[in-house]
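J.: What follows is input-v8.txt, made up of compact mmCIF, C-alpha atoms:
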```
# COMPACT_ATOMS: atom_id res chain seq x y z
CA MET A 1 0.53 3.33 -20.49
CA GLN A 2 3.70 4.55 -22.12
CA ALA A 3 6.90 2.83 -21.09
CA SER A 4 8.74 5.98 -20.11
CA SER A 5 7.96 9.43 -18.83
CA SER A 6 9.31 12.83 -19.70
CA ARG A 7 11.35 14.21 -16.84
CA SER A 8 9.42 17.50 -16.71
CA GLU A 9 6.04 15.78 -16.37
CA PHE A 10 7.28 13.54 -13.56
CA ASP A 11 9.03 16.47 -11.86
CA LEU A 12 5.73 18.36 -11.85
CA LEU A 13 4.06 15.55 -9.90
CA VAL A 14 6.96 15.40 -7.44
CA ALA A 15 6.81 19.15 -6.84
CA CYS A 16 3.05 19.00 -6.29
CA CYS A 17 3.42 16.13 -3.81
CA ALA A 18 6.16 17.80 -1.76
CA ASP A 19 5.49 19.81 1.40
CA ALA A 20 2.74 22.28 0.50
CA SER A 21 4.19 24.92 2.83
CA SER A 22 7.54 24.95 1.06
CA LYS A 23 8.06 28.07 -1.09
CA PRO A 24 10.88 26.50 -3.18
CA HIS A 25 8.48 23.75 -4.27
CA THR A 26 5.80 26.32 -5.14
CA ASP A 27 8.32 28.25 -7.23
CA ARG A 28 9.39 24.97 -8.86
CA ILE A 29 5.78 24.16 -9.81
CA ARG A 30 5.34 27.59 -11.39
CA GLN A 31 8.60 27.17 -13.31
CA ILE A 32 7.64 23.72 -14.68
CA VAL A 33 4.08 24.71 -15.60
CA SER A 34 5.38 27.79 -17.41
CA GLY A 35 7.53 25.60 -19.66
CA PRO A 36 6.61 23.07 -22.36
CA LEU A 37 4.64 20.09 -21.03
CA ASP A 38 2.86 17.10 -22.49
CA TRP A 39 -0.38 17.54 -20.56
CA GLU A 40 -1.83 14.23 -21.68
CA ARG A 41 1.23 12.57 -20.20
CA VAL A 42 0.76 14.58 -17.01
CA LEU A 43 -2.79 13.22 -16.69
CA GLN A 44 -1.52 9.67 -17.33
CA LEU A 45 1.09 10.02 -14.62
CA ILE A 46 -1.45 11.44 -12.17
CA GLU A 47 -3.64 8.40 -12.75
CA HIS A 48 -0.74 5.97 -12.32
CA HIS A 49 0.61 7.57 -9.15
CA ARG A 50 -2.87 8.21 -7.67
CA VAL A 51 -2.14 11.79 -6.70
CA VAL A 52 -5.17 13.66 -8.04
CA PRO A 53 -5.83 15.57 -4.76
CA ASN A 54 -2.17 16.59 -4.45
CA VAL A 55 -1.81 17.86 -8.00
CA TYR A 56 -5.19 19.53 -8.28
CA GLY A 57 -4.68 21.28 -4.96
CA ARG A 58 -1.43 22.85 -6.15
CA LEU A 59 -2.38 23.58 -9.77
CA SER A 60 -5.83 25.02 -9.05
CA VAL A 61 -4.16 28.10 -7.56
CA LEU A 62 -2.09 28.48 -10.74
CA SER A 63 -5.06 28.00 -13.05
CA GLU A 64 -3.96 30.80 -15.36
CA LEU A 65 -0.90 28.71 -16.32
CA VAL A 66 -2.78 25.44 -16.98
CA PRO A 67 -4.53 24.88 -20.34
CA PRO A 68 -8.32 25.10 -19.71
CA GLN A 69 -9.08 21.66 -21.16
CA GLN A 70 -6.51 19.93 -18.96
CA LEU A 71 -7.56 21.91 -15.87
CA HIS A 72 -11.16 20.86 -16.52
CA ALA A 73 -10.09 17.21 -16.85
CA LEU A 74 -8.12 17.46 -13.62
CA ARG A 75 -11.04 19.11 -11.80
CA PHE A 76 -13.38 16.37 -13.04
CA ARG A 77 -11.05 13.69 -11.66
CA TYR A 78 -10.74 15.52 -8.35
CA GLU A 79 -14.52 15.80 -7.97
CA ASP A 80 -15.00 12.18 -9.01
CA ASN A 81 -12.43 11.10 -6.43
CA ALA A 82 -14.23 13.16 -3.77
CA ARG A 83 -17.57 11.49 -4.59
CA ARG A 84 -16.01 8.02 -4.41
CA ALA A 85 -14.24 8.87 -1.15
CA LEU A 86 -17.52 9.96 0.43
CA TRP A 87 -19.27 6.78 -0.72
CA PHE A 88 -16.43 4.58 0.54
CA SER A 89 -16.47 6.41 3.86
CA GLY A 90 -20.18 5.78 4.35
CA GLU A 91 -19.77 2.17 3.31
CA LEU A 92 -16.89 1.65 5.72
CA VAL A 93 -18.99 2.99 8.60
CA ARG A 94 -21.80 0.59 7.58
CA ILE A 95 -19.41 -2.38 7.49
CA LEU A 96 -17.66 -1.59 10.77
CA THR A 97 -20.97 -0.96 12.53
CA HIS A 98 -22.34 -4.30 11.32
CA LEU A 99 -19.21 -6.23 12.30
CA GLU A 100 -19.28 -4.60 15.72
CA ALA A 101 -22.95 -5.56 16.14
CA VAL A 102 -22.15 -9.25 15.59
CA GLY A 103 -19.22 -9.17 18.00
CA ILE A 104 -16.30 -8.82 15.58
CA GLU A 105 -13.58 -6.30 16.37
CA ALA A 106 -12.19 -4.84 13.15
CA LEU A 107 -9.60 -2.19 12.35
CA PRO A 108 -9.91 -0.13 9.16
CA VAL A 109 -6.53 0.06 7.41
CA LYS A 110 -5.74 2.59 4.66
CA GLY A 111 -8.78 3.93 2.76
CA PRO A 112 -10.94 6.61 4.46
CA ALA A 113 -9.49 5.91 7.92
CA LEU A 114 -5.97 6.65 6.71
CA ALA A 115 -7.12 9.76 4.84
CA GLU A 116 -8.82 11.07 7.96
CA ALA A 117 -5.90 10.20 10.26
CA LEU A 118 -3.22 11.73 8.02
CA TYR A 119 -4.94 14.61 6.23
CA GLY A 120 -8.00 15.32 8.36
CA LYS A 121 -10.16 15.08 5.25
CA ILE A 122 -11.13 11.89 3.41
CA THR A 123 -11.17 13.58 0.00
CA GLN A 124 -7.45 14.46 0.22
CA ARG A 125 -6.30 10.92 -0.56
CA GLU A 126 -7.03 8.62 -3.50
CA PHE A 127 -8.18 5.04 -2.87
CA CYS A 128 -10.29 2.50 -4.73
CA ASP A 129 -11.20 -0.07 -2.09
CA LEU A 130 -11.57 -0.68 1.63
CA ASP A 131 -9.20 -2.67 3.84
CA VAL A 132 -10.46 -4.11 7.11
CA LEU A 133 -8.27 -6.10 9.51
CA VAL A 134 -9.76 -8.81 11.73
CA ARG A 135 -8.27 -11.60 13.82
CA ALA A 136 -7.75 -14.90 11.99
CA GLY A 137 -10.23 -16.62 14.29
CA ASP A 138 -12.98 -14.20 13.17
CA VAL A 139 -12.57 -14.66 9.40
CA ALA A 140 -15.37 -17.22 8.93
CA LYS A 141 -17.79 -15.19 11.04
CA ALA A 142 -16.82 -11.98 9.22
CA LYS A 143 -17.43 -13.61 5.83
CA ALA A 144 -20.96 -14.52 6.88
CA ALA A 145 -21.58 -11.02 8.23
CA LEU A 146 -20.35 -9.37 5.03
CA SER A 147 -22.56 -11.64 2.95
CA LYS A 148 -25.59 -10.16 4.72
CA LEU A 149 -24.39 -6.72 3.56
CA GLY A 150 -24.34 -7.86 -0.06
CA TYR A 151 -20.62 -8.63 -0.35
CA GLU A 152 -19.64 -11.76 -2.24
CA LEU A 153 -16.36 -13.62 -2.18
CA GLY A 154 -14.91 -14.24 -5.63
CA ILE A 155 -13.48 -17.68 -4.84
CA ARG A 156 -14.81 -20.94 -3.45
CA LEU A 157 -12.58 -23.05 -1.22
CA THR A 158 -13.20 -26.31 0.57
CA GLN A 159 -13.03 -26.24 4.35
CA ARG A 160 -9.56 -27.81 4.25
CA GLU A 161 -8.32 -25.30 1.68
CA GLU A 162 -9.73 -22.37 3.62
CA GLN A 163 -8.02 -23.50 6.81
CA ALA A 164 -4.73 -23.76 4.93
CA TYR A 165 -5.25 -20.37 3.28
CA ILE A 166 -5.95 -18.63 6.58
CA ARG A 167 -2.62 -20.02 7.84
CA THR A 168 -0.61 -18.91 4.80
CA GLY A 169 -2.58 -16.12 3.08
CA TYR A 170 -3.60 -12.73 4.33
CA GLU A 171 -6.81 -11.45 2.70
CA TYR A 172 -10.07 -12.16 0.92
CA SER A 173 -11.36 -9.78 -1.78
CA PHE A 174 -15.10 -9.12 -1.88
CA SER A 175 -17.29 -7.66 -4.61
CA SER A 176 -20.77 -6.17 -4.47
CA ALA A 177 -23.38 -4.74 -6.81
CA ARG A 178 -21.31 -1.52 -6.83
CA GLY A 179 -18.23 -3.19 -8.32
CA ARG A 180 -15.51 -5.81 -8.10
CA ASN A 181 -12.93 -6.12 -5.33
CA LEU A 182 -14.31 -3.21 -3.32
CA LEU A 183 -13.46 -4.72 0.06
CA GLU A 184 -10.41 -6.59 1.31
CA LEU A 185 -10.87 -8.53 4.54
CA GLN A 186 -7.40 -9.07 6.01
CA TRP A 187 -6.14 -11.14 8.91
CA GLN A 188 -2.42 -10.53 8.26
CA ILE A 189 -0.52 -7.55 6.87
CA LEU A 190 1.33 -9.50 4.15
CA PRO A 191 1.22 -12.98 2.63
CA ARG A 192 3.27 -15.48 4.64
CA PHE A 193 6.01 -15.87 2.02
CA TYR A 194 7.20 -12.27 2.52
CA SER A 195 8.37 -13.43 5.96
CA VAL A 196 7.37 -10.27 7.83
CA ASP A 197 5.36 -11.65 10.70
CA PHE A 198 3.44 -8.83 12.36
CA GLU A 199 1.73 -9.82 15.60
CA VAL A 200 -1.86 -8.95 14.75
CA ALA A 201 -2.97 -9.29 18.37
CA ARG A 202 -0.49 -6.55 19.33
CA LEU A 203 -1.82 -4.31 16.55
CA PHE A 204 -5.28 -4.57 18.09
CA GLU A 205 -3.92 -3.92 21.59
CA ARG A 206 -2.17 -0.70 20.53
CA ALA A 207 -4.96 0.60 18.25
CA GLU A 208 -6.11 4.22 18.53
CA GLU A 209 -9.37 5.98 17.78
CA VAL A 210 -10.20 7.81 14.56
CA SER A 211 -13.48 9.56 13.74
CA LEU A 212 -15.40 8.43 10.64
CA GLY A 213 -18.80 9.80 9.76
CA GLY A 214 -19.00 11.37 13.19
CA ARG A 215 -18.43 8.03 14.91
CA PRO A 216 -15.30 6.80 16.70
CA PHE A 217 -13.59 3.67 15.39
CA ARG A 218 -10.24 2.15 16.21
CA THR A 219 -7.38 1.93 13.74
CA LEU A 220 -3.63 1.30 13.81
CA CYS A 221 -1.60 3.52 16.11
CA ALA A 222 0.92 5.84 14.44
CA GLN A 223 3.93 3.63 15.28
CA ASP A 224 2.39 0.48 13.83
CA LEU A 225 0.94 2.38 10.89
CA LEU A 226 4.41 3.63 9.93
CA LEU A 227 5.80 0.10 9.62
CA VAL A 228 2.69 -1.23 7.89
CA LEU A 229 2.79 1.56 5.29
CA CYS A 230 6.50 1.00 4.70
CA VAL A 231 6.17 -2.74 4.05
CA HIS A 232 3.09 -2.11 1.90
CA ALA A 233 5.06 0.38 -0.21
CA ALA A 234 8.00 -2.04 -0.45
CA LYS A 235 5.69 -4.87 -1.50
CA HIS A 236 4.64 -2.69 -4.46
CA ALA A 237 8.24 -1.61 -5.10
CA TRP A 238 7.22 2.00 -4.29
CA VAL A 239 5.78 2.35 -7.82
CA GLN A 240 3.30 5.08 -6.84
CA LEU A 241 4.14 8.47 -5.38
CA SER A 242 0.99 8.31 -3.27
CA LEU A 243 2.60 5.58 -1.16
CA LEU A 244 5.44 7.93 -0.27
CA CYS A 245 3.11 10.91 0.25
CA ASP A 246 1.28 9.04 3.01
CA ILE A 247 4.54 8.14 4.74
CA ALA A 248 5.86 11.70 4.42
CA GLN A 249 2.68 12.98 6.06
CA LEU A 250 2.81 10.40 8.84
CA ALA A 251 6.51 11.07 9.49
CA ARG A 252 5.57 14.59 10.64
CA ASP A 253 3.56 13.14 13.55
CA PRO A 254 5.31 14.32 16.74
CA ARG A 255 4.10 11.22 18.59
CA LEU A 256 6.46 8.97 16.63
CA ASP A 257 9.35 7.55 18.63
CA TRP A 258 11.97 6.84 15.98
CA GLU A 259 14.24 4.77 18.19
CA SER A 260 11.28 2.60 19.16
CA ALA A 261 10.23 2.32 15.51
CA LEU A 262 13.72 1.15 14.57
CA GLU A 263 13.72 -1.36 17.41
CA GLU A 264 10.41 -2.86 16.29
CA ALA A 265 11.58 -2.87 12.66
CA ARG A 266 14.74 -4.67 13.76
CA ARG A 267 12.67 -7.31 15.53
CA LEU A 268 10.59 -7.86 12.38
CA GLY A 269 13.63 -7.85 10.09
CA ILE A 270 12.45 -4.79 8.13
CA GLU A 271 14.92 -2.17 9.33
CA ARG A 272 16.26 -1.70 5.81
CA ILE A 273 12.72 -1.36 4.42
CA LEU A 274 11.97 1.36 6.97
CA THR A 275 15.16 3.33 6.42
CA LEU A 276 15.13 2.96 2.62
CA THR A 277 11.51 4.14 2.44
CA LEU A 278 12.27 7.24 4.48
CA LEU A 279 15.34 7.91 2.33
CA LEU A 280 13.12 7.78 -0.78
CA VAL A 281 10.67 10.19 0.87
CA HIS A 282 13.59 12.50 1.65
CA ARG A 283 15.06 12.39 -1.85
CA LEU A 284 11.81 12.75 -3.76
CA LEU A 285 9.61 14.88 -1.52
CA GLY A 286 12.21 16.80 0.46
CA SER A 287 11.10 15.57 3.89
CA GLU A 288 13.67 15.78 6.65
CA LEU A 289 15.33 12.57 7.77
CA PRO A 290 14.93 11.88 11.50
CA ASP A 291 18.31 11.71 13.25
CA ALA A 292 17.83 8.07 14.23
CA ILE A 293 17.09 7.08 10.62
CA GLU A 294 20.04 9.09 9.30
CA ARG A 295 22.38 7.32 11.73
CA ARG A 296 21.06 3.92 10.68
CA LEU A 297 21.50 4.75 7.00
CA ARG A 298 25.17 5.55 7.61
CA GLU A 299 25.55 2.05 9.04
CA ASP A 300 23.58 0.25 6.32
CA ARG A 301 25.19 0.96 2.97
CA GLY A 302 22.87 -1.60 1.39
CA ALA A 303 19.85 0.67 1.82
CA THR A 304 21.64 3.64 0.27
CA ALA A 305 22.86 1.51 -2.64
CA LEU A 306 19.30 0.36 -3.36
CA ALA A 307 17.84 3.87 -3.38
CA ASP A 308 19.04 4.88 -6.85
CA GLY A 309 17.60 1.74 -8.44
CA VAL A 310 14.25 2.15 -6.69
CA LEU A 311 14.07 5.81 -7.72
CA ARG A 312 14.43 4.69 -11.34
CA ILE A 313 11.52 2.27 -10.84
CA ILE A 314 9.35 5.09 -9.49
CA GLU A 315 10.35 7.50 -12.28
CA ARG A 316 9.55 4.94 -14.98
CA SER A 317 5.94 5.07 -13.77
CA GLU A 318 5.16 1.54 -14.87
CA HIS A 319 3.06 -1.12 -13.20
CA ASN A 320 5.41 -3.54 -11.51
CA ASP A 321 5.42 -7.26 -12.35
CA THR A 322 5.27 -8.88 -8.93
CA GLU A 323 5.88 -12.34 -10.37
CA SER A 324 9.14 -11.60 -12.18
CA THR A 325 12.68 -12.58 -11.28
CA PRO A 326 13.83 -8.91 -10.83
CA TYR A 327 10.97 -8.33 -8.38
CA PHE A 328 11.87 -11.32 -6.22
CA ARG A 329 15.54 -10.32 -6.31
CA LEU A 330 14.58 -6.87 -5.07
CA MET A 331 12.49 -8.37 -2.26
CA MET A 332 15.52 -10.45 -1.24
CA ARG A 333 17.85 -7.43 -1.24
CA LEU A 334 15.46 -5.48 0.96
CA ARG A 335 16.11 -7.82 3.86
CA GLU A 336 19.17 -7.03 5.94
CA ARG A 337 19.39 -10.40 7.68
CA ARG A 338 20.52 -13.55 5.92
CA ARG A 339 18.00 -15.69 7.80
CA ASP A 340 15.12 -13.51 6.56
CA ARG A 341 16.30 -13.82 2.96
CA ALA A 342 16.52 -17.60 3.32
CA ARG A 343 13.09 -17.78 4.95
CA PHE A 344 11.59 -15.59 2.21
CA LEU A 345 12.99 -17.85 -0.51
CA TRP A 346 11.87 -21.05 1.22
CA ARG A 347 8.35 -19.79 1.87
CA LEU A 348 8.06 -18.40 -1.65
CA LEU A 349 8.87 -21.81 -3.09
CA SER A 350 6.97 -23.99 -0.65
CA THR A 351 3.77 -22.15 0.27
CA PRO A 352 0.80 -23.16 -1.92
CA ASN A 353 -1.96 -20.62 -2.43
CA ILE A 354 -5.31 -20.30 -4.13
CA GLY A 355 -3.73 -20.59 -7.59
CA GLU A 356 -2.35 -24.04 -6.82
CA TRP A 357 -5.64 -25.30 -5.32
CA CYS A 358 -7.60 -24.07 -8.33
CA ALA A 359 -5.10 -25.45 -10.86
CA VAL A 360 -5.06 -28.99 -9.47
CA ARG A 361 -7.61 -30.71 -7.24
CA LEU A 362 -5.81 -33.29 -5.10
CA PRO A 363 -7.48 -35.65 -2.62
CA GLN A 364 -6.77 -35.10 1.07
CA PRO A 365 -4.04 -37.80 1.40
CA LEU A 366 -2.05 -36.17 -1.43
CA SER A 367 -2.33 -32.55 -0.19
CA PRO A 368 1.42 -32.35 0.68
CA LEU A 369 2.04 -32.56 -3.08
CA TYR A 370 0.66 -29.02 -3.45
CA ARG A 371 4.17 -27.83 -2.58
CA LEU A 372 5.46 -29.48 -5.77
CA VAL A 373 2.61 -27.91 -7.73
CA ARG A 374 3.62 -24.55 -6.27
CA ILE A 375 7.27 -24.96 -7.28
CA PHE A 376 6.32 -26.05 -10.80
CA ARG A 377 3.85 -23.19 -11.37
CA LEU A 378 6.20 -20.57 -9.91
CA ALA A 379 9.10 -21.77 -12.05
CA LYS A 380 6.86 -21.63 -15.12
CA ARG A 381 5.72 -18.07 -14.37
CA LEU A 382 9.24 -16.86 -13.72
CA ALA A 383 10.45 -18.43 -16.97
CA CYS A 384 7.70 -16.63 -18.89
CA ALA A 385 8.11 -13.31 -17.07
CA GLY A 386 11.91 -13.28 -17.21
```
I'd like the structure from this file rewritten - as structure tokens, please.

T.:
Amino acid sequence: MQASSSRSEFDLLVACCADASSKPHTDRIRQIVSGPLDWERVLQLIEHHRVVPNVYGRLSVLSELVPPQQLHALRFRYEDNARRALWFSGELVRILTHLEAVGIEALPVKGPALAEALYGKITQREFCDLDVLVRAGDVAKAKAALSKLGYELGIRLTQREEQAYIRTGYEYSFSSARGRNLLELQWQILPRFYSVDFEVARLFERAEEVSLGGRPFRTLCAQDLLLVLCVHAAKHAWVQLSLLCDIAQLARDPRLDWESALEEARRLGIERILTLTLLLVHRLLGSELPDAIERRLREDRGATALADGVLRIIERSEHNDTESTPYFRLMMRLRERRRDRARFLWRLLSTPNIGEWCAVRLPQPLSPLYRLVRIFRLAKRLACAG
């Protein structure tokens, strides 16, 4: 992908992702499409930002202004996304039904469940895998159940390594005959080193129903979903507009209690992540800022100062290097509390993961030395990545 994007092409995506009922945005789309555009670049940006349904939905009604070849390419991608969404939806129902049958409670996160909850239609959101949340104590049983459905885990860990990984990691990626990494089985929201410790048991307690394939399943309640989507977007440095589109849609939910959301974010140490994300949604997509968020932004100048830099990251439309020094600096600056920054840095340096176990096989008595292996490998990657 090209290193930079023309402003007009990016502005077109932003206008298409903004509130569909807004006449100024509709007029803006017409104005941009009527001017000179690099349509190949537009298609590249759509792919990067995963906003095919948003853009096709807005441009299909202005088809007379879109070159026929590019409109055809966009329609093909929209229809292909719809076919994949329908397949993923059916597969998710199959997985959840099977897990339920063997006594495992699971919550679908993102994917078809999120599309249905936010947009009322699974084809109106782009996704390429399934995310299912289970309790840590059910991971081994869930792995066995998924194996019977034809899903294979891409890594092999010893029992000791798996126990350590369940304590410090957050997901397993599974492949099947249909493709690689189609399913992510999660038992935490983020890896431990990010130092955002959601209480998974509470997420299950507060879960709400969503209908998939005509069947009711439970998923994250709106309040929890808001915080989970915000930390997920922050983890990826907000590099895709689709991440902000989901949050903009969810923020319209009248059930949200913004004071309560801020209180929970404060407890988790992610108040700045929440407020900064909503500021980005406001600046890019024109969504209104809730009063409680606006008041908090006036108090936290750090969030406002970060916004311009993050907007430049989004506009560059590049894949983010999550193992670079600038990335880790950004993750540090996103935390408003000094103790969370210190904990993030300590866990980042001292928490071994699958890479360390695969790189060096140490006997049980020497397993504490994996921390040194972690520090050495991380330092090496950072030196190479800059």

J.: Once you count only C-alpha atoms, what closest atom pair and distance in Å to one decimal does each residue of stretch 167-242 of chain A within 7 Å of stretch 42-65 of chain A have, with rows by chain and rising residue number, as JSON lines?

T.:
```
{"residue": "A:Gln240", "atom": "CA", "partner": "A:His49", "partner_atom": "CA", "distance": 4.3}
{"residue": "A:Leu241", "atom": "CA", "partner": "A:His49", "partner_atom": "CA", "distance": 5.2}
{"residue": "A:Ser242", "atom": "CA", "partner": "A:Val51", "partner_atom": "CA", "distance": 5.8}
```

J.: Write the residues you've just listed into a file as a PDB file, in the coordinates of the input, and include C-alpha atoms for each of them.

T.:
```pdb
ATOM      1  CA  GLN A 240       3.300   5.080  -6.840  1.00  0.00           C
ATOM      2  CA  LEU A 241       4.140   8.470  -5.380  1.00  0.00           C
ATOM      3  CA  SER A 242       0.990   8.310  -3.270  1.00  0.00           C
TER       4      SER A 242
END
```

J.: So which one's closest to A:Tyr78, A:Thr123, A:Leu244, A:Glu199, A:Tyr151? Using only C-alpha atoms, please.

T.: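 So, comparing all the options, the nearest one is A:Thr123.
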
J.: Quick one: of A:Ala251, A:Val373, A:Ala292, A:Val239, who's nearest to A:Glu263, counting only C-alpha atoms?

T.: A:Ala292

J.: For A:Gln364, which residue among A:Thr158, A:Thr304, A:Thr325, A:Gln249 is the nearest when counting only C-alpha atoms?

T.: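 Among the listed residues, A:Thr158 lies closest to A:Gln364.
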
J.: So that I can see what lies close to A:Thr168, please list as an NGL selection string the residues with an atom at most 9 Å from it, counting only C-alpha atoms and leaving out residues fewer than 5 positions away in the same chain.

T.: :A and (163 or 191-193 or 351-353)

J.: Just give me the gap between atom CA of A:Asp257 and atom CA of A:Leu225 in Å, one decimal is fine.

T.: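 So the answer is 12.5 Å.
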
J.: Tell me which of A:Phe217, A:Phe174, A:Phe204, A:Tyr119 sits closest to A:Arg94, counting only C-alpha atoms.

T.: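 When distances to A:Arg94 are compared using only C-alpha atoms, the smallest one comes from A:Phe217.
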
J.: For A:Cys221, work out the shell of residues within 10 Å, counting only C-alpha atoms and skipping chain neighbours fewer than 2 positions away, then give it as a list in words.

T.: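 Near neighbours after the sequence-gap exclusion: Ala117, Leu203, Phe204, Glu205, Arg206, Ala207, Glu208, Glu209, Val210, Arg218, Thr219, Gln223, Asp224, Leu225, Leu226, Arg255 and Leu256 of chain A.
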
J.: Residues near A:Arg341, anyone? I mean within 12 Å using all atoms listed in the file, not counting same-chain ones fewer than 2 positions away, as a PyMOL selection string.

T.: chain A and resi 193-196+269-270+328-339+343-348

J.: What would the file look like if the residues just selected were written as a PDB file, in the frame of the given file with C-alpha atoms?

T.:
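Output saved as again-v2.pdb:
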```
ATOM      1  CA  PHE A 193       6.010 -15.870   2.020  1.00  0.00           C
ATOM      2  CA  TYR A 194       7.200 -12.270   2.520  1.00  0.00           C
ATOM      3  CA  SER A 195       8.370 -13.430   5.960  1.00  0.00           C
ATOM      4  CA  VAL A 196       7.370 -10.270   7.830  1.00  0.00           C
ATOM      5  CA  GLY A 269      13.630  -7.850  10.090  1.00  0.00           C
ATOM      6  CA  ILE A 270      12.450  -4.790   8.130  1.00  0.00           C
ATOM      7  CA  PHE A 328      11.870 -11.320  -6.220  1.00  0.00           C
ATOM      8  CA  ARG A 329      15.540 -10.320  -6.310  1.00  0.00           C
ATOM      9  CA  LEU A 330      14.580  -6.870  -5.070  1.00  0.00           C
ATOM     10  CA  MET A 331      12.490  -8.370  -2.260  1.00  0.00           C
ATOM     11  CA  MET A 332      15.520 -10.450  -1.240  1.00  0.00           C
ATOM     12  CA  ARG A 333      17.850  -7.430  -1.240  1.00  0.00           C
ATOM     13  CA  LEU A 334      15.460  -5.480   0.960  1.00  0.00           C
ATOM     14  CA  ARG A 335      16.110  -7.820   3.860  1.00  0.00           C
ATOM     15  CA  GLU A 336      19.170  -7.030   5.940  1.00  0.00           C
ATOM     16  CA  ARG A 337      19.390 -10.400   7.680  1.00  0.00           C
ATOM     17  CA  ARG A 338      20.520 -13.550   5.920  1.00  0.00           C
ATOM     18  CA  ARG A 339      18.000 -15.690   7.800  1.00  0.00           C
ATOM     19  CA  ARG A 343      13.090 -17.780   4.950  1.00  0.00           C
ATOM     20  CA  PHE A 344      11.590 -15.590   2.210  1.00  0.00           C
ATOM     21  CA  LEU A 345      12.990 -17.850  -0.510  1.00  0.00           C
ATOM     22  CA  TRP A 346      11.870 -21.050   1.220  1.00  0.00           C
ATOM     23  CA  ARG A 347       8.350 -19.790   1.870  1.00  0.00           C
ATOM     24  CA  LEU A 348       8.060 -18.400  -1.650  1.00  0.00           C
TER      25      LEU A 348
END
```

J.: Check the smallest atom-to-atom distance from each of A:Trp258, A:Glu91, A:Trp238, A:Asp11 to A:Arg28 using all atoms listed in the file, then report the winner.

T.: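 Residue with the minimum atom-to-atom distance to A:Arg28: A:Asp11.
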
J.: Measure the distance from atom CA of A:Ile313 to atom CA of A:Ala233 in Å and round it to one decimal.

T.: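 If I compute the distance from atom CA of A:Ile313 to atom CA of A:Ala233, I get 12.6 Å.
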